[in-house]
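Peer 1: Okay, here's the structure, questions in a sec.
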Amino acid sequence: MDTVERHRSLYKGTTPPWKETYRKRCVERLKNSRSKLLDRYRQMGADEPRSSSGASIIVQEVMEEEWSALQSEDQRLPSLWSPHGMPEISSSGKEYDELAVLEEIHQELMSQEMSIIEQYERNLQFEQQYISSAVEGMDEMHIICPICHMNNLSINSYFISCPCGLYINTKKRNITPDVLQRLLEARVSEHMEDCLNNPVFSLAHDTDSHPSLMISCQVACDYLSVVL
């Protein structure tokens with residue numbers, strides 16, 4: 001057993017006092033970096049090679065940046081990262097198994113990062129399926145009802161309606177199937193920029209009891225917008 005292994009065996013099970021603070025900060029930074037993560041994911045593609053340390057680029061950045069911030073507040077904390085972004089643990093004078101702690105936090109962040117990406121992929125699939133269904137039969141100018149997802153909307157110069165109960169007065173508004181399609185796509189895409197959950201459509205009435213088609217998120221954000 002070499003020196004490092006003997007050191008890890010000696011201090012196995014001990015927890016450094018900075019662990020929980022560091023872990024929470026990393027988790028929060030990753031959560032707040034969701035847009036950056038998804039932008040990087042879209043640019044790189046799902047098959048982009050990981051870094052040599054096994055961490056994704058965004059997770060490694062999160063861990064390095066958060067450790068630097070924590071270390072600036074407490075100069076007694078050790079330097080855990082080399083200039084090349086690799087964990088740099090010295091066995092001399094250490095009371096805790098820092099490498100094991102970093103590995104544990106790294107695995108938790110990787111799991112959360114994958115969860116964000118998988119949720120994004122599911123939501124992207126939902127958007128693509130919705131747009132496909134919305135434009136299905138465009139040769140006949142048909143759009144699937146965004147509320148019931150079952151019937152084709154009836155669209156004319158005076159109103160938009162569906163057997164499920166949707167009815168919107170469109171007189172003098174020049175709403176064609178093509179215009180409605182673009183409005184629906186724009187609102188769905190707008191919501192996806194900041195939230196990975198599936199939005200829902202509903203009818204709302206104003207003070208004059210005129211119904212409007214609304215899109216909202218009832219899961220994770222406060223998104224609410226008028227479609228028509």
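Here, A, B, ... name the chains of the structure tokens in the order displayed, residue numbers run from 1 inside each chain, and ligands are numbered from 1 in the same displayed order.
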Please provide the set of residues having any atom within 7 Å of Asn151 in chain A, restricted to only C-alpha atoms, with same-chain residues fewer than 5 positions apart removed, written as a ChimeraX atom specification.
Peer 2: /A:144-145,162
Peer 1: Write out as a list in words which residues come within 8 Å of range 185-197 of chain A when counting only C-alpha atoms, dropping same-chain ones fewer than 6 positions away.
Peer 2: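 Those residues are Ser35, Gln119, Tyr120, Asn123, Glu127, Ile131, Ile215, Cys217, Val219, Ala220, Cys221, Tyr223, Ser225 and Val227 of chain A.
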Peer 1: Store the residues picked out above, limited to all heavy atoms, as an mmCIF file, in the first residue's frame.
Peer 2:
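See out.cif below for the written result:
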data_model
loop_
_atom_site.group_PDB
_atom_site.id
_atom_site.type_symbol
_atom_site.label_atom_id
_atom_site.label_comp_id
_atom_site.auth_asym_id
_atom_site.auth_seq_id
_atom_site.Cartn_x
_atom_site.Cartn_y
_atom_site.Cartn_z
ATOM 1 N N SER A 35 -29.041 27.270 -17.768
ATOM 2 C CA SER A 35 -29.044 27.827 -19.131
ATOM 3 C C SER A 35 -27.683 27.664 -19.786
ATOM 4 O O SER A 35 -27.590 27.300 -20.967
ATOM 5 C CB SER A 35 -29.437 29.310 -19.095
ATOM 6 O OG SER A 35 -30.759 29.472 -18.641
ATOM 7 N N GLN A 119 -34.274 15.847 -18.728
ATOM 8 C CA GLN A 119 -35.531 16.588 -18.683
ATOM 9 C C GLN A 119 -35.648 17.527 -19.878
ATOM 10 O O GLN A 119 -36.721 17.688 -20.467
ATOM 11 C CB GLN A 119 -35.630 17.374 -17.379
ATOM 12 C CG GLN A 119 -37.009 17.991 -17.143
ATOM 13 C CD GLN A 119 -37.104 18.679 -15.799
ATOM 14 O OE1 GLN A 119 -36.112 19.122 -15.244
ATOM 15 N NE2 GLN A 119 -38.305 18.763 -15.265
ATOM 16 N N TYR A 120 -34.526 18.129 -20.259
ATOM 17 C CA TYR A 120 -34.509 18.990 -21.447
ATOM 18 C C TYR A 120 -34.861 18.187 -22.697
ATOM 19 O O TYR A 120 -35.640 18.641 -23.538
ATOM 20 C CB TYR A 120 -33.130 19.634 -21.594
ATOM 21 C CG TYR A 120 -32.872 20.222 -22.958
ATOM 22 C CD1 TYR A 120 -33.431 21.446 -23.338
ATOM 23 C CD2 TYR A 120 -32.073 19.544 -23.889
ATOM 24 C CE1 TYR A 120 -33.200 21.980 -24.598
ATOM 25 C CE2 TYR A 120 -31.841 20.081 -25.148
ATOM 26 C CZ TYR A 120 -32.407 21.290 -25.495
ATOM 27 O OH TYR A 120 -32.179 21.808 -26.745
ATOM 28 N N ASN A 123 -38.547 17.439 -22.759
ATOM 29 C CA ASN A 123 -39.335 18.619 -23.093
ATOM 30 C C ASN A 123 -39.172 18.997 -24.566
ATOM 31 O O ASN A 123 -40.116 19.433 -25.218
ATOM 32 C CB ASN A 123 -38.914 19.796 -22.211
ATOM 33 C CG ASN A 123 -40.038 20.803 -22.042
ATOM 34 O OD1 ASN A 123 -41.182 20.443 -21.802
ATOM 35 N ND2 ASN A 123 -39.723 22.071 -22.196
ATOM 36 N N GLU A 127 -42.072 19.339 -27.362
ATOM 37 C CA GLU A 127 -42.253 20.475 -28.265
ATOM 38 C C GLU A 127 -42.309 20.008 -29.717
ATOM 39 O O GLU A 127 -43.167 20.463 -30.490
ATOM 40 C CB GLU A 127 -41.116 21.478 -28.093
ATOM 41 C CG GLU A 127 -41.262 22.698 -28.994
ATOM 42 C CD GLU A 127 -40.049 23.603 -28.956
ATOM 43 O OE1 GLU A 127 -38.950 23.096 -28.694
ATOM 44 O OE2 GLU A 127 -40.193 24.808 -29.212
ATOM 45 N N ILE A 131 -45.510 20.451 -32.131
ATOM 46 C CA ILE A 131 -45.448 21.192 -33.392
ATOM 47 C C ILE A 131 -45.836 20.290 -34.558
ATOM 48 O O ILE A 131 -46.555 20.707 -35.471
ATOM 49 C CB ILE A 131 -44.040 21.783 -33.599
ATOM 50 C CG1 ILE A 131 -43.764 22.870 -32.551
ATOM 51 C CG2 ILE A 131 -43.886 22.353 -35.002
ATOM 52 C CD1 ILE A 131 -42.369 23.442 -32.598
ATOM 53 N N ILE A 215 -51.335 30.207 -22.207
ATOM 54 C CA ILE A 215 -50.358 29.156 -21.973
ATOM 55 C C ILE A 215 -49.694 29.441 -20.634
ATOM 56 O O ILE A 215 -49.363 30.582 -20.321
ATOM 57 C CB ILE A 215 -49.302 29.085 -23.104
ATOM 58 C CG1 ILE A 215 -48.287 27.967 -22.809
ATOM 59 C CG2 ILE A 215 -48.612 30.407 -23.313
ATOM 60 C CD1 ILE A 215 -47.302 27.736 -23.956
ATOM 61 N N CYS A 217 -47.356 27.530 -17.049
ATOM 62 C CA CYS A 217 -46.618 26.413 -16.460
ATOM 63 C C CYS A 217 -47.119 26.238 -15.033
ATOM 64 O O CYS A 217 -47.031 27.154 -14.217
ATOM 65 C CB CYS A 217 -45.126 26.674 -16.473
ATOM 66 S SG CYS A 217 -44.153 25.317 -15.764
ATOM 67 N N VAL A 219 -46.039 23.728 -13.017
ATOM 68 C CA VAL A 219 -45.142 22.801 -12.326
ATOM 69 C C VAL A 219 -44.005 23.527 -11.623
ATOM 70 O O VAL A 219 -43.865 23.461 -10.405
ATOM 71 C CB VAL A 219 -44.573 21.767 -13.305
ATOM 72 C CG1 VAL A 219 -43.626 20.807 -12.580
ATOM 73 C CG2 VAL A 219 -45.696 20.980 -13.957
ATOM 74 N N ALA A 220 -43.167 24.230 -12.400
ATOM 75 C CA ALA A 220 -41.931 24.737 -11.824
ATOM 76 C C ALA A 220 -41.676 26.220 -11.976
ATOM 77 O O ALA A 220 -40.762 26.749 -11.358
ATOM 78 C CB ALA A 220 -40.736 23.972 -12.436
ATOM 79 N N CYS A 221 -42.450 26.913 -12.788
ATOM 80 C CA CYS A 221 -42.193 28.344 -12.973
ATOM 81 C C CYS A 221 -43.517 29.104 -13.018
ATOM 82 O O CYS A 221 -44.589 28.508 -12.968
ATOM 83 C CB CYS A 221 -41.381 28.603 -14.253
ATOM 84 S SG CYS A 221 -42.319 28.404 -15.783
ATOM 85 N N TYR A 223 -44.540 31.035 -15.492
ATOM 86 C CA TYR A 223 -44.788 31.499 -16.864
ATOM 87 C C TYR A 223 -46.287 31.552 -17.151
ATOM 88 O O TYR A 223 -47.026 30.620 -16.879
ATOM 89 C CB TYR A 223 -44.112 30.555 -17.858
ATOM 90 C CG TYR A 223 -44.293 31.006 -19.305
ATOM 91 C CD1 TYR A 223 -43.479 31.994 -19.855
ATOM 92 C CD2 TYR A 223 -45.286 30.441 -20.096
ATOM 93 C CE1 TYR A 223 -43.636 32.402 -21.167
ATOM 94 C CE2 TYR A 223 -45.460 30.844 -21.423
ATOM 95 C CZ TYR A 223 -44.630 31.828 -21.945
ATOM 96 O OH TYR A 223 -44.785 32.229 -23.248
ATOM 97 N N SER A 225 -48.783 33.478 -20.331
ATOM 98 C CA SER A 225 -48.799 34.351 -21.492
ATOM 99 C C SER A 225 -50.086 34.131 -22.285
ATOM 100 O O SER A 225 -50.656 33.045 -22.272
ATOM 101 C CB SER A 225 -47.577 34.093 -22.387
ATOM 102 O OG SER A 225 -47.559 34.986 -23.483
ATOM 103 N N VAL A 227 -51.826 33.637 -25.741
ATOM 104 C CA VAL A 227 -51.532 33.196 -27.095
ATOM 105 C C VAL A 227 -52.407 33.940 -28.092
ATOM 106 O O VAL A 227 -51.954 34.437 -29.111
ATOM 107 C CB VAL A 227 -51.755 31.667 -27.250
ATOM 108 C CG1 VAL A 227 -51.482 31.233 -28.687
ATOM 109 C CG2 VAL A 227 -50.886 30.905 -26.288
#
Peer 1: Report as a PyMOL selection string all protein, DNA and RNA residues lying within 9 Å of Phe159 in chain A, evaluated on only C-alpha atoms, omitting residues in the same chain fewer than 4 positions from it.
Peer 2: chain A and resi 154-155+167-171+175
Peer 1: Which of these, A:Thr15, A:Gln71, A:Ser56, A:Gln129, has the shortest distance to Met44 in chain A once you count only C-alpha atoms?
Peer 2: A:Ser56
Peer 1: Can you list, as a VMD selection string, every protein, DNA or RNA residue that comes within 9 Å of range 32-34 of chain A when you count only C-alpha atoms, leaving out same-chain residues fewer than 2 positions away?
Peer 2: chain A and resid 27 to 30 36 to 39 58 62 113 116 194
Peer 1: Convert the current residue selection to file output with N, CA, C and O atoms, as a tab-separated table (two decimals), in the first residue's frame.
Peer 2:
chain	number	residue	atom	x	y	z
A	27	VAL	N	-24.14	22.54	-5.70
A	27	VAL	CA	-25.48	22.17	-6.16
A	27	VAL	C	-26.25	23.42	-6.61
A	27	VAL	O	-26.91	23.43	-7.66
A	28	GLU	N	-26.15	24.49	-5.82
A	28	GLU	CA	-26.87	25.71	-6.15
A	28	GLU	C	-26.30	26.36	-7.41
A	28	GLU	O	-27.04	26.86	-8.25
A	29	ARG	N	-24.97	26.35	-7.54
A	29	ARG	CA	-24.34	26.95	-8.73
A	29	ARG	C	-24.73	26.16	-9.98
A	29	ARG	O	-25.00	26.76	-11.03
A	30	LEU	N	-24.78	24.84	-9.89
A	30	LEU	CA	-25.17	24.03	-11.04
A	30	LEU	C	-26.62	24.33	-11.42
A	30	LEU	O	-26.95	24.45	-12.60
A	36	LYS	N	-26.62	27.91	-19.02
A	36	LYS	CA	-25.26	27.75	-19.54
A	36	LYS	C	-25.00	26.29	-19.90
A	36	LYS	O	-24.41	25.99	-20.95
A	37	LEU	N	-25.45	25.39	-19.03
A	37	LEU	CA	-25.27	23.96	-19.27
A	37	LEU	C	-25.97	23.53	-20.55
A	37	LEU	O	-25.38	22.84	-21.40
A	38	LEU	N	-27.22	23.94	-20.74
A	38	LEU	CA	-27.98	23.54	-21.91
A	38	LEU	C	-27.43	24.17	-23.18
A	38	LEU	O	-27.42	23.55	-24.25
A	39	ASP	N	-26.95	25.43	-23.08
A	39	ASP	CA	-26.31	26.06	-24.24
A	39	ASP	C	-25.08	25.27	-24.65
A	39	ASP	O	-24.84	25.01	-25.83
A	58	ILE	N	-19.00	21.34	-17.54
A	58	ILE	CA	-19.74	22.25	-16.67
A	58	ILE	C	-19.60	21.86	-15.20
A	58	ILE	O	-19.50	22.72	-14.33
A	62	VAL	N	-17.98	24.17	-12.26
A	62	VAL	CA	-18.74	24.47	-11.05
A	62	VAL	C	-17.91	24.17	-9.81
A	62	VAL	O	-17.83	24.99	-8.88
A	113	GLU	N	-26.67	16.89	-13.23
A	113	GLU	CA	-26.48	17.41	-14.58
A	113	GLU	C	-27.18	16.53	-15.60
A	113	GLU	O	-27.88	17.01	-16.50
A	116	ILE	N	-30.90	17.13	-15.54
A	116	ILE	CA	-31.28	18.36	-16.26
A	116	ILE	C	-31.32	18.11	-17.76
A	116	ILE	O	-32.25	18.52	-18.45
A	194	ASP	N	-36.54	29.07	-20.49
A	194	ASP	CA	-36.24	29.19	-19.06
A	194	ASP	C	-36.78	28.04	-18.22
A	194	ASP	O	-36.48	27.97	-17.02
Peer 1: Mind pulling up the distance from CA of Asp222 in chain A to CA of Val59 in chain A?
Peer 2: 27.5 Å
